[in-house]
Amino acid sequence: MKVSLAEVFSLWLKVIFCYLESLYHVVVPHPRQDVRGKKVLITGAGHGIGRELSLEFARLGASLILWDINKENNEGTADEVRHIGATVHTYICDVTSTDDVHNTADRVRREVGNVDILVNNAGILYGGPVLDMQEKHIRRTFEVNTLAHFWTVREFLPAMLEADSGIIVNISSGTAKSGTAFLVDYSSSKYAVFGFTEALREEIDRLGKPGVQTTVVCPSFVDTGLCKYPKDRFNPILTPKETALGTIDGMLRGENVVYVPRRLGVLVRLGALMPETLKPLLKQFSQIGIDPQYDVKQD
Ligand SMILES: NC(=O)c1ccc[n+]([C@@H]2O[C@H](COP(=O)([O-])OP(=O)(O)OC[C@H]3O[C@@H](n4cnc5c(N)ncnc54)[C@H](O)[C@@H]3O)[C@@H](O)[C@H]2O)c1
C-alpha cells in the first residue's frame, strides 16, 4: 500500500499537535467530570482501596453498587457510605465465577439499572519465590486479578456502547510496568490487566464509541495488608485514601492511564528510554520490591 506525501505531512501535524496538547494539559489539567447521581459499581469494595473508592465516590454524590466476596466487610463499607448520605446496594459476588457474575449483574440491572462506571478493583496476592508457589494459587491469582475483568466487562459494556457513555476503570499496579521479584504471579496478572485495558480501549475506538472511556490505574505499594512486606527507599507506602483520591482524580479527568503517585508515570516513561542493564541497578538502589512472603497463605 502506497503512502502519499500528504498523508505523511498530515500525520506529522497530528504528532506535533498531540505533543503540544499533552504538554498543555500538564499545566492545565482537563476539568473533572461530575459524578453526582451516577451509578458506580465497585468490585472488592469491602476492604482497602475498594472501600476508600466507595467512600470517595459517595462524597462526590454518586450512588454505589458494592460487590465483594466477603459479606461482612461489604456491609461495613455500605454502612459508611450510607452515613455519608449516598444510596448504596450491596451484592455478594465471587468475580471469578462466570455464573455468579452473570446472575449478580442481572440483579443489578433489574434492581438498580445500567451502570455508569465499573471499577474492577477486586484483587489478591500470594507472592513468594516462583518455584515454591502452588499451582492453585497461581491459577487463582489470574482468575481474580485478570480473568474476572472479562466477565464483568462482558456484562456491563454492551449498555455503555449502546448509550455511547460510561467508564471502565481497571485497577492494575506499578508492578505491571516493572516485573517484580517474589511477585511473579501477581506482577504478570497485573501486566495482563494493563494489556487488557489497552486492547479494549483500541477496540472501543474502532467501534466508534468515543463516549465510553477506559482507565487503567497503576498504584505503587499501598498499606492495605494485601502486600505484607513492601519496601521502597524513596517513596512512602501509599494510604488507601491517597490511592482512591489519585484514581478518582485521574479517571474523572478522562485519563486512560493513571499512576499513583503521578511521578511514577514519569519514572515509567523515563524507564522506557533506559538501557535494560540500567533498570536492575536503579531498582537495587531504590530497594523497591518485597521480601518473600513465606509466612502467608500457604493453605
Ligand atoms: N495494596 C497494594 O499495595 C496495591 C498496589 C497496587 C495495586 N493494588 C490493587 O488494588 C486492588 C485492591 O487491593 P487492596 O490492597 O485494596 O486489597 P484488599 O485485600 O485490601 O481488598 C481486596 C478486596 O477484594 C475482595 N475480593 C478478593 N477476591 C474476590 C473475589 N473473588 N470476588 C470478589 N471480591 C473479592 C476482598 O474480599 C477484599 O475486600 C487490587 O486489584 C490490587 O491488586 C494494590
# chains A, B, ... in the order shown; residues from 1 in each chain; ligands from 1
$ residues_near_ligand --ligand "ligand 1" --cutoff "6 Å" --atoms "only C-alpha atoms and all ligand atoms" --output "MDAnalysis selection string"
chainID A and resid 43:50 68:70 93:96 121:124 144 171:173 219:224 226:227
$ write_last_selection --atoms "C-alpha atoms" --output "PDB file, in the first residue's frame"
ATOM      1  CA  THR A  43     -15.731  -4.892  42.962  1.00  0.00           C
ATOM      2  CA  GLY A  44     -13.765  -5.764  46.095  1.00  0.00           C
ATOM      3  CA  ALA A  45     -15.495  -2.897  47.910  1.00  0.00           C
ATOM      4  CA  GLY A  46     -15.242  -4.475  51.359  1.00  0.00           C
ATOM      5  CA  HIS A  47     -11.649  -3.570  52.163  1.00  0.00           C
ATOM      6  CA  GLY A  48      -8.628  -1.415  51.323  1.00  0.00           C
ATOM      7  CA  ILE A  49      -8.657   0.635  48.116  1.00  0.00           C
ATOM      8  CA  GLY A  50     -12.165  -0.554  47.107  1.00  0.00           C
ATOM      9  CA  ASP A  68     -17.421  -8.331  47.385  1.00  0.00           C
ATOM     10  CA  ILE A  69     -16.956 -11.985  48.230  1.00  0.00           C
ATOM     11  CA  ASN A  70     -16.861 -11.023  51.928  1.00  0.00           C
ATOM     12  CA  CYS A  93     -20.319 -11.985  44.302  1.00  0.00           C
ATOM     13  CA  ASP A  94     -17.245 -14.058  43.574  1.00  0.00           C
ATOM     14  CA  VAL A  95     -15.891 -12.339  40.479  1.00  0.00           C
ATOM     15  CA  THR A  96     -14.087 -15.497  39.373  1.00  0.00           C
ATOM     16  CA  ASN A 121     -10.793  -3.453  41.805  1.00  0.00           C
ATOM     17  CA  ALA A 122     -11.019  -6.901  43.494  1.00  0.00           C
ATOM     18  CA  GLY A 123      -7.569  -8.427  43.673  1.00  0.00           C
ATOM     19  CA  ILE A 124      -5.461 -10.945  45.577  1.00  0.00           C
ATOM     20  CA  VAL A 144      -9.329 -12.874  40.328  1.00  0.00           C
ATOM     21  CA  ILE A 171      -7.019  -1.360  38.920  1.00  0.00           C
ATOM     22  CA  SER A 172      -3.656  -2.708  37.791  1.00  0.00           C
ATOM     23  CA  SER A 173      -0.412  -1.978  39.664  1.00  0.00           C
ATOM     24  CA  PRO A 219      -0.610   2.455  42.095  1.00  0.00           C
ATOM     25  CA  SER A 220       2.703   1.812  43.824  1.00  0.00           C
ATOM     26  CA  PHE A 221       2.573  -0.124  47.137  1.00  0.00           C
ATOM     27  CA  VAL A 222      -0.443   0.652  49.324  1.00  0.00           C
ATOM     28  CA  ASP A 223      -0.851  -0.030  53.016  1.00  0.00           C
ATOM     29  CA  THR A 224      -3.861  -2.376  52.954  1.00  0.00           C
ATOM     30  CA  LEU A 226      -2.529  -7.151  50.657  1.00  0.00           C
ATOM     31  CA  CYS A 227       1.226  -6.925  50.255  1.00  0.00           C
TER      32      CYS A 227
END
$ residues_around --residues "stretch 277-283 of chain A" --least-positions-apart "2" --cutoff "12 Å" --atoms "only C-alpha atoms" --output "PyMOL selection string"
chain A and resi 177-181+231-234+267-268+270-275+285-290
$ atom_distance --atom1 "atom CA of A:Asp249" --atom2 "atom CA of A:Val27"
15.3 Å
$ select_by_dssp --residues "stretch 33-174 of chain A" --states "strand (DSSP E or B)" --output "number ranges by chain"
A: 39-43, 63-68, 88-92, 117-120, 166-171
$ atom_distance --atom1 "atom CA of A:Ala58" --atom2 "atom CA of A:Thr90"
13.9 Å
$ closest_residue --among "A:Ser188, A:Thr87, A:Thr243, A:Ser4" --to "A:Leu66" --atoms "only C-alpha atoms"
A:Thr87
$ residues_around --residues "A:Leu252" --least-positions-apart "4" --cutoff "12 Å" --atoms "only C-alpha atoms" --output "VMD selection string"
chain A and resid 29 to 36 57 60 117 166 to 169 213 to 215 244 to 248 256 to 258
$ select_by_dssp --residues "stretch 20-226 of chain A" --states "alpha helix (DSSP H)" --output "tab-separated table (two decimals) with N, CA and C atoms, in the first residue's frame"
chain	number	residue	atom	x	y	z
A	20	LEU	N	2.00	18.90	21.81
A	20	LEU	CA	1.67	20.22	22.36
A	20	LEU	C	0.47	20.11	23.30
A	21	GLU	N	-0.53	19.31	22.88
A	21	GLU	CA	-1.74	19.16	23.69
A	21	GLU	C	-1.41	18.52	25.04
A	22	SER	N	-0.56	17.47	25.02
A	22	SER	CA	-0.27	16.82	26.31
A	22	SER	C	0.59	17.71	27.20
A	23	LEU	N	1.49	18.51	26.58
A	23	LEU	CA	2.26	19.47	27.39
A	23	LEU	C	1.35	20.50	28.03
A	24	TYR	N	0.37	20.97	27.22
A	24	TYR	CA	-0.58	21.97	27.73
A	24	TYR	C	-1.35	21.41	28.94
A	25	HIS	N	-1.75	20.10	28.83
A	25	HIS	CA	-2.55	19.53	29.91
A	25	HIS	C	-1.73	19.18	31.14
A	26	VAL	N	-0.39	19.18	31.02
A	26	VAL	CA	0.44	19.05	32.23
A	26	VAL	C	0.24	20.31	33.08
A	27	VAL	N	0.15	21.46	32.40
A	27	VAL	CA	-0.02	22.74	33.09
A	27	VAL	C	-1.50	22.99	33.43
A	48	GLY	N	-9.75	-2.08	51.99
A	48	GLY	CA	-8.63	-1.42	51.32
A	48	GLY	C	-9.03	-0.33	50.33
A	49	ILE	N	-8.45	-0.41	49.13
A	49	ILE	CA	-8.66	0.63	48.12
A	49	ILE	C	-10.13	0.68	47.68
A	50	GLY	N	-10.76	-0.49	47.53
A	50	GLY	CA	-12.16	-0.55	47.11
A	50	GLY	C	-13.07	0.15	48.10
A	51	ARG	N	-12.76	-0.02	49.38
A	51	ARG	CA	-13.56	0.62	50.42
A	51	ARG	C	-13.40	2.15	50.33
A	52	GLU	N	-12.16	2.61	50.18
A	52	GLU	CA	-11.91	4.06	50.10
A	52	GLU	C	-12.49	4.65	48.82
A	53	LEU	N	-12.42	3.90	47.71
A	53	LEU	CA	-13.04	4.39	46.47
A	53	LEU	C	-14.55	4.58	46.70
A	54	SER	N	-15.17	3.63	47.39
A	54	SER	CA	-16.61	3.71	47.65
A	54	SER	C	-16.94	4.98	48.44
A	55	LEU	N	-16.13	5.24	49.48
A	55	LEU	CA	-16.40	6.41	50.32
A	55	LEU	C	-16.20	7.71	49.55
A	56	GLU	N	-15.15	7.76	48.72
A	56	GLU	CA	-14.88	8.99	47.95
A	56	GLU	C	-15.97	9.23	46.91
A	57	PHE	N	-16.40	8.16	46.22
A	57	PHE	CA	-17.48	8.34	45.25
A	57	PHE	C	-18.76	8.79	45.96
A	58	ALA	N	-19.00	8.25	47.16
A	58	ALA	CA	-20.19	8.65	47.93
A	58	ALA	C	-20.12	10.14	48.25
A	59	ARG	N	-18.93	10.60	48.66
A	59	ARG	CA	-18.77	12.03	48.98
A	59	ARG	C	-19.01	12.91	47.75
A	71	LYS	N	-19.14	-10.85	52.83
A	71	LYS	CA	-20.40	-10.16	53.12
A	71	LYS	C	-20.23	-9.12	54.24
A	72	GLU	N	-19.56	-9.55	55.31
A	72	GLU	CA	-19.45	-8.68	56.48
A	72	GLU	C	-18.72	-7.38	56.13
A	73	ASN	N	-17.59	-7.51	55.45
A	73	ASN	CA	-16.82	-6.31	55.08
A	73	ASN	C	-17.58	-5.43	54.10
A	74	ASN	N	-18.29	-6.08	53.15
A	74	ASN	CA	-19.06	-5.31	52.16
A	74	ASN	C	-20.14	-4.49	52.85
A	75	GLU	N	-20.81	-5.13	53.83
A	75	GLU	CA	-21.86	-4.41	54.56
A	75	GLU	C	-21.24	-3.29	55.41
A	76	GLY	N	-20.03	-3.52	55.91
A	76	GLY	CA	-19.32	-2.49	56.70
A	76	GLY	C	-19.09	-1.25	55.84
A	77	THR	N	-18.62	-1.46	54.61
A	77	THR	CA	-18.41	-0.32	53.70
A	77	THR	C	-19.75	0.36	53.41
A	78	ALA	N	-20.78	-0.46	53.17
A	78	ALA	CA	-22.11	0.11	52.84
A	78	ALA	C	-22.61	1.00	53.98
A	79	ASP	N	-22.41	0.56	55.24
A	79	ASP	CA	-22.84	1.38	56.39
A	79	ASP	C	-22.18	2.75	56.35
A	80	GLU	N	-20.87	2.76	56.03
A	80	GLU	CA	-20.15	4.04	55.99
A	80	GLU	C	-20.63	4.91	54.83
A	81	VAL	N	-20.94	4.26	53.71
A	81	VAL	CA	-21.45	5.01	52.54
A	81	VAL	C	-22.80	5.65	52.90
A	82	ARG	N	-23.66	4.87	53.58
A	82	ARG	CA	-24.98	5.40	53.98
A	82	ARG	C	-24.80	6.57	54.93
A	83	HIS	N	-23.82	6.46	55.83
A	83	HIS	CA	-23.55	7.51	56.81
A	83	HIS	C	-23.20	8.82	56.09
A	84	ILE	N	-22.53	8.71	54.95
A	84	ILE	CA	-22.17	9.90	54.16
A	84	ILE	C	-23.43	10.47	53.50
A	98	THR	N	-18.22	-17.16	36.53
A	98	THR	CA	-18.98	-16.53	35.44
A	98	THR	C	-20.48	-16.56	35.75
A	99	ASP	N	-20.95	-17.64	36.39
A	99	ASP	CA	-22.38	-17.71	36.74
A	99	ASP	C	-22.73	-16.64	37.75
A	100	ASP	N	-21.89	-16.55	38.77
A	100	ASP	CA	-22.13	-15.58	39.84
A	100	ASP	C	-22.14	-14.16	39.26
A	101	VAL	N	-21.16	-13.85	38.41
A	101	VAL	CA	-21.08	-12.51	37.83
A	101	VAL	C	-22.31	-12.25	36.96
A	102	HIS	N	-22.70	-13.23	36.15
A	102	HIS	CA	-23.85	-13.05	35.26
A	102	HIS	C	-25.13	-12.84	36.06
A	103	ASN	N	-25.37	-13.71	37.08
A	103	ASN	CA	-26.61	-13.60	37.86
A	103	ASN	C	-26.64	-12.31	38.67
A	104	THR	N	-25.50	-11.94	39.23
A	104	THR	CA	-25.47	-10.71	40.05
A	104	THR	C	-25.65	-9.49	39.14
A	105	ALA	N	-25.03	-9.51	37.97
A	105	ALA	CA	-25.20	-8.39	37.04
A	105	ALA	C	-26.66	-8.25	36.62
A	106	ASP	N	-27.34	-9.39	36.41
A	106	ASP	CA	-28.77	-9.37	36.07
A	106	ASP	C	-29.58	-8.71	37.18
A	107	ARG	N	-29.24	-9.10	38.42
A	107	ARG	CA	-29.95	-8.50	39.57
A	107	ARG	C	-29.71	-6.99	39.61
A	108	VAL	N	-28.46	-6.58	39.37
A	108	VAL	CA	-28.15	-5.14	39.39
A	108	VAL	C	-28.99	-4.41	38.34
A	109	ARG	N	-29.05	-4.97	37.13
A	109	ARG	CA	-29.80	-4.31	36.05
A	109	ARG	C	-31.28	-4.19	36.41
A	110	ARG	N	-31.82	-5.28	37.07
A	110	ARG	CA	-33.25	-5.25	37.46
A	110	ARG	C	-33.50	-4.29	38.61
A	111	GLU	N	-32.61	-4.33	39.63
A	111	GLU	CA	-32.88	-3.59	40.87
A	111	GLU	C	-32.38	-2.15	40.84
A	135	GLU	N	0.31	-24.37	42.46
A	135	GLU	CA	-0.41	-24.20	41.19
A	135	GLU	C	-1.76	-23.52	41.41
A	136	LYS	N	-2.46	-23.96	42.49
A	136	LYS	CA	-3.81	-23.41	42.70
A	136	LYS	C	-3.75	-21.90	43.00
A	137	HIS	N	-2.65	-21.46	43.63
A	137	HIS	CA	-2.53	-20.03	43.93
A	137	HIS	C	-2.24	-19.22	42.67
A	138	ILE	N	-1.41	-19.79	41.79
A	138	ILE	CA	-1.11	-19.10	40.53
A	138	ILE	C	-2.40	-18.96	39.70
A	139	ARG	N	-3.15	-20.08	39.64
A	139	ARG	CA	-4.40	-20.04	38.87
A	139	ARG	C	-5.39	-19.05	39.47
A	140	ARG	N	-5.53	-19.08	40.79
A	140	ARG	CA	-6.49	-18.18	41.46
A	140	ARG	C	-6.10	-16.71	41.24
A	141	THR	N	-4.80	-16.42	41.26
A	141	THR	CA	-4.33	-15.04	41.05
A	141	THR	C	-4.82	-14.52	39.70
A	142	PHE	N	-4.66	-15.35	38.65
A	142	PHE	CA	-5.12	-14.92	37.33
A	142	PHE	C	-6.66	-14.89	37.24
A	148	ALA	N	-11.40	-12.14	35.72
A	148	ALA	CA	-12.66	-11.55	36.19
A	148	ALA	C	-13.03	-10.29	35.41
A	149	HIS	N	-12.01	-9.57	34.90
A	149	HIS	CA	-12.29	-8.35	34.13
A	149	HIS	C	-13.11	-8.67	32.87
A	150	PHE	N	-12.80	-9.83	32.27
A	150	PHE	CA	-13.56	-10.22	31.08
A	150	PHE	C	-15.04	-10.40	31.44
A	151	TRP	N	-15.28	-11.08	32.59
A	151	TRP	CA	-16.67	-11.43	32.94
A	151	TRP	C	-17.48	-10.17	33.25
A	152	THR	N	-16.90	-9.24	34.00
A	152	THR	CA	-17.67	-8.03	34.36
A	152	THR	C	-17.84	-7.12	33.14
A	153	VAL	N	-16.77	-6.97	32.36
A	153	VAL	CA	-16.86	-6.08	31.19
A	153	VAL	C	-17.88	-6.61	30.18
A	154	ARG	N	-17.92	-7.94	30.01
A	154	ARG	CA	-18.89	-8.51	29.06
A	154	ARG	C	-20.33	-8.29	29.54
A	155	GLU	N	-20.52	-8.12	30.85
A	155	GLU	CA	-21.87	-7.83	31.37
A	155	GLU	C	-22.27	-6.37	31.18
A	156	PHE	N	-21.33	-5.46	31.46
A	156	PHE	CA	-21.73	-4.05	31.54
A	156	PHE	C	-21.35	-3.20	30.34
A	157	LEU	N	-20.41	-3.66	29.52
A	157	LEU	CA	-20.01	-2.87	28.35
A	157	LEU	C	-21.13	-2.71	27.31
A	158	PRO	N	-21.94	-3.75	27.03
A	158	PRO	CA	-22.94	-3.59	25.98
A	158	PRO	C	-23.84	-2.36	26.18
A	159	ALA	N	-24.34	-2.16	27.39
A	159	ALA	CA	-25.22	-1.00	27.63
A	159	ALA	C	-24.44	0.30	27.48
A	160	MET	N	-23.16	0.29	27.86
A	160	MET	CA	-22.34	1.51	27.70
A	160	MET	C	-22.16	1.83	26.22
A	161	LEU	N	-21.90	0.79	25.42
A	161	LEU	CA	-21.72	1.00	23.98
A	161	LEU	C	-23.01	1.52	23.35
A	162	GLU	N	-24.11	0.92	23.78
A	162	GLU	CA	-25.43	1.32	23.27
A	162	GLU	C	-25.69	2.81	23.52
A	163	ALA	N	-25.31	3.25	24.73
A	163	ALA	CA	-25.56	4.65	25.10
A	163	ALA	C	-24.39	5.55	24.69
A	184	VAL	N	5.99	-12.85	40.99
A	184	VAL	CA	5.93	-13.24	39.57
A	184	VAL	C	4.47	-13.53	39.16
A	185	ASP	N	3.71	-14.18	40.05
A	185	ASP	CA	2.29	-14.46	39.75
A	185	ASP	C	1.50	-13.15	39.66
A	186	TYR	N	1.62	-12.35	40.70
A	186	TYR	CA	0.85	-11.11	40.81
A	186	TYR	C	1.23	-10.11	39.70
A	187	SER	N	2.55	-9.90	39.58
A	187	SER	CA	3.06	-8.92	38.61
A	187	SER	C	2.58	-9.26	37.19
A	188	SER	N	2.65	-10.53	36.83
A	188	SER	CA	2.24	-10.91	35.47
A	188	SER	C	0.72	-10.78	35.30
A	189	SER	N	-0.04	-11.05	36.36
A	189	SER	CA	-1.50	-10.90	36.26
A	189	SER	C	-1.86	-9.42	36.07
A	190	LYS	N	-1.05	-8.53	36.62
A	190	LYS	CA	-1.32	-7.08	36.51
A	190	LYS	C	-0.82	-6.53	35.17
A	191	TYR	N	0.28	-7.10	34.62
A	191	TYR	CA	0.68	-6.75	33.25
A	191	TYR	C	-0.49	-7.05	32.31
A	192	ALA	N	-1.13	-8.20	32.56
A	192	ALA	CA	-2.25	-8.61	31.70
A	192	ALA	C	-3.41	-7.63	31.80
A	193	VAL	N	-3.65	-7.10	32.99
A	193	VAL	CA	-4.73	-6.11	33.15
A	193	VAL	C	-4.42	-4.86	32.34
A	194	PHE	N	-3.14	-4.47	32.34
A	194	PHE	CA	-2.73	-3.30	31.56
A	194	PHE	C	-2.99	-3.55	30.07
A	195	GLY	N	-2.57	-4.71	29.61
A	195	GLY	CA	-2.76	-5.07	28.19
A	195	GLY	C	-4.23	-5.19	27.84
A	196	PHE	N	-5.00	-5.78	28.76
A	196	PHE	CA	-6.46	-5.92	28.57
A	196	PHE	C	-7.08	-4.55	28.33
A	197	THR	N	-6.71	-3.59	29.16
A	197	THR	CA	-7.34	-2.26	29.08
A	197	THR	C	-6.92	-1.55	27.81
A	198	GLU	N	-5.61	-1.69	27.46
A	198	GLU	CA	-5.11	-1.03	26.25
A	198	GLU	C	-5.83	-1.57	25.00
A	199	ALA	N	-5.96	-2.90	24.95
A	199	ALA	CA	-6.62	-3.54	23.80
A	199	ALA	C	-8.10	-3.17	23.75
A	200	LEU	N	-8.73	-3.15	24.92
A	200	LEU	CA	-10.15	-2.79	24.99
A	200	LEU	C	-10.36	-1.35	24.52
A	201	ARG	N	-9.44	-0.47	24.93
A	201	ARG	CA	-9.51	0.95	24.52
A	201	ARG	C	-9.53	1.04	22.99
A	202	GLU	N	-8.58	0.32	22.37
A	202	GLU	CA	-8.48	0.39	20.90
A	202	GLU	C	-9.75	-0.18	20.25
A	203	GLU	N	-10.26	-1.27	20.86
A	203	GLU	CA	-11.46	-1.90	20.28
A	203	GLU	C	-12.66	-0.96	20.36
A	204	ILE	N	-12.80	-0.29	21.50
A	204	ILE	CA	-13.93	0.65	21.66
A	204	ILE	C	-13.79	1.81	20.67
A	205	ASP	N	-12.55	2.28	20.47
A	205	ASP	CA	-12.30	3.35	19.48
A	205	ASP	C	-12.70	2.88	18.09
A	206	ARG	N	-12.29	1.63	17.77
A	206	ARG	CA	-12.58	1.11	16.42
A	206	ARG	C	-14.08	0.92	16.21
$ atom_distance --atom1 "atom CA of A:Cys218" --atom2 "atom CA of A:Thr175"
7.9 Å
$ closest_residue --among "A:Gly113, A:Gly37, A:Gly174, A:Pro210" --to "A:Gly254" --atoms "only C-alpha atoms"
A:Pro210
$ closest_residue --among "A:Val217, A:Val212, A:Cys18, A:Met133" --to "A:Val119" --atoms "only C-alpha atoms"
A:Val217
$ decode --residues "stretch 133-171 of chain A" --atoms "C-alpha atoms" --output "PDB file, in the first residue's frame"
ATOM      1  CA  MET A 133       4.269 -21.238  44.504  1.00  0.00           C
ATOM      2  CA  GLN A 134       1.339 -23.613  44.500  1.00  0.00           C
ATOM      3  CA  GLU A 135      -0.405 -24.200  41.193  1.00  0.00           C
ATOM      4  CA  LYS A 136      -3.812 -23.409  42.701  1.00  0.00           C
ATOM      5  CA  HIS A 137      -2.527 -20.031  43.928  1.00  0.00           C
ATOM      6  CA  ILE A 138      -1.111 -19.097  40.526  1.00  0.00           C
ATOM      7  CA  ARG A 139      -4.399 -20.042  38.868  1.00  0.00           C
ATOM      8  CA  ARG A 140      -6.488 -18.185  41.462  1.00  0.00           C
ATOM      9  CA  THR A 141      -4.331 -15.043  41.048  1.00  0.00           C
ATOM     10  CA  PHE A 142      -5.125 -14.918  37.330  1.00  0.00           C
ATOM     11  CA  GLU A 143      -8.798 -15.826  37.960  1.00  0.00           C
ATOM     12  CA  VAL A 144      -9.329 -12.874  40.328  1.00  0.00           C
ATOM     13  CA  ASN A 145      -6.843 -10.303  39.049  1.00  0.00           C
ATOM     14  CA  THR A 146      -7.208 -10.792  35.299  1.00  0.00           C
ATOM     15  CA  LEU A 147      -9.949 -13.110  34.023  1.00  0.00           C
ATOM     16  CA  ALA A 148     -12.662 -11.548  36.194  1.00  0.00           C
ATOM     17  CA  HIS A 149     -12.291  -8.351  34.131  1.00  0.00           C
ATOM     18  CA  PHE A 150     -13.564 -10.223  31.079  1.00  0.00           C
ATOM     19  CA  TRP A 151     -16.670 -11.430  32.939  1.00  0.00           C
ATOM     20  CA  THR A 152     -17.674  -8.029  34.361  1.00  0.00           C
ATOM     21  CA  VAL A 153     -16.856  -6.083  31.187  1.00  0.00           C
ATOM     22  CA  ARG A 154     -18.886  -8.508  29.062  1.00  0.00           C
ATOM     23  CA  GLU A 155     -21.871  -7.834  31.370  1.00  0.00           C
ATOM     24  CA  PHE A 156     -21.730  -4.052  31.545  1.00  0.00           C
ATOM     25  CA  LEU A 157     -20.007  -2.871  28.351  1.00  0.00           C
ATOM     26  CA  PRO A 158     -22.942  -3.591  25.976  1.00  0.00           C
ATOM     27  CA  ALA A 159     -25.221  -0.997  27.628  1.00  0.00           C
ATOM     28  CA  MET A 160     -22.342   1.507  27.704  1.00  0.00           C
ATOM     29  CA  LEU A 161     -21.717   1.005  23.980  1.00  0.00           C
ATOM     30  CA  GLU A 162     -25.430   1.321  23.272  1.00  0.00           C
ATOM     31  CA  ALA A 163     -25.557   4.652  25.098  1.00  0.00           C
ATOM     32  CA  ASP A 164     -22.059   5.671  23.945  1.00  0.00           C
ATOM     33  CA  SER A 165     -21.423   6.626  27.559  1.00  0.00           C
ATOM     34  CA  GLY A 166     -19.667   5.082  30.557  1.00  0.00           C
ATOM     35  CA  ILE A 167     -16.305   4.485  32.205  1.00  0.00           C
ATOM     36  CA  ILE A 168     -14.475   1.222  32.839  1.00  0.00           C
ATOM     37  CA  VAL A 169     -11.722   1.516  35.426  1.00  0.00           C
ATOM     38  CA  ASN A 170      -9.302  -1.376  35.893  1.00  0.00           C
ATOM     39  CA  ILE A 171      -7.019  -1.360  38.920  1.00  0.00           C
TER      40      ILE A 171
END
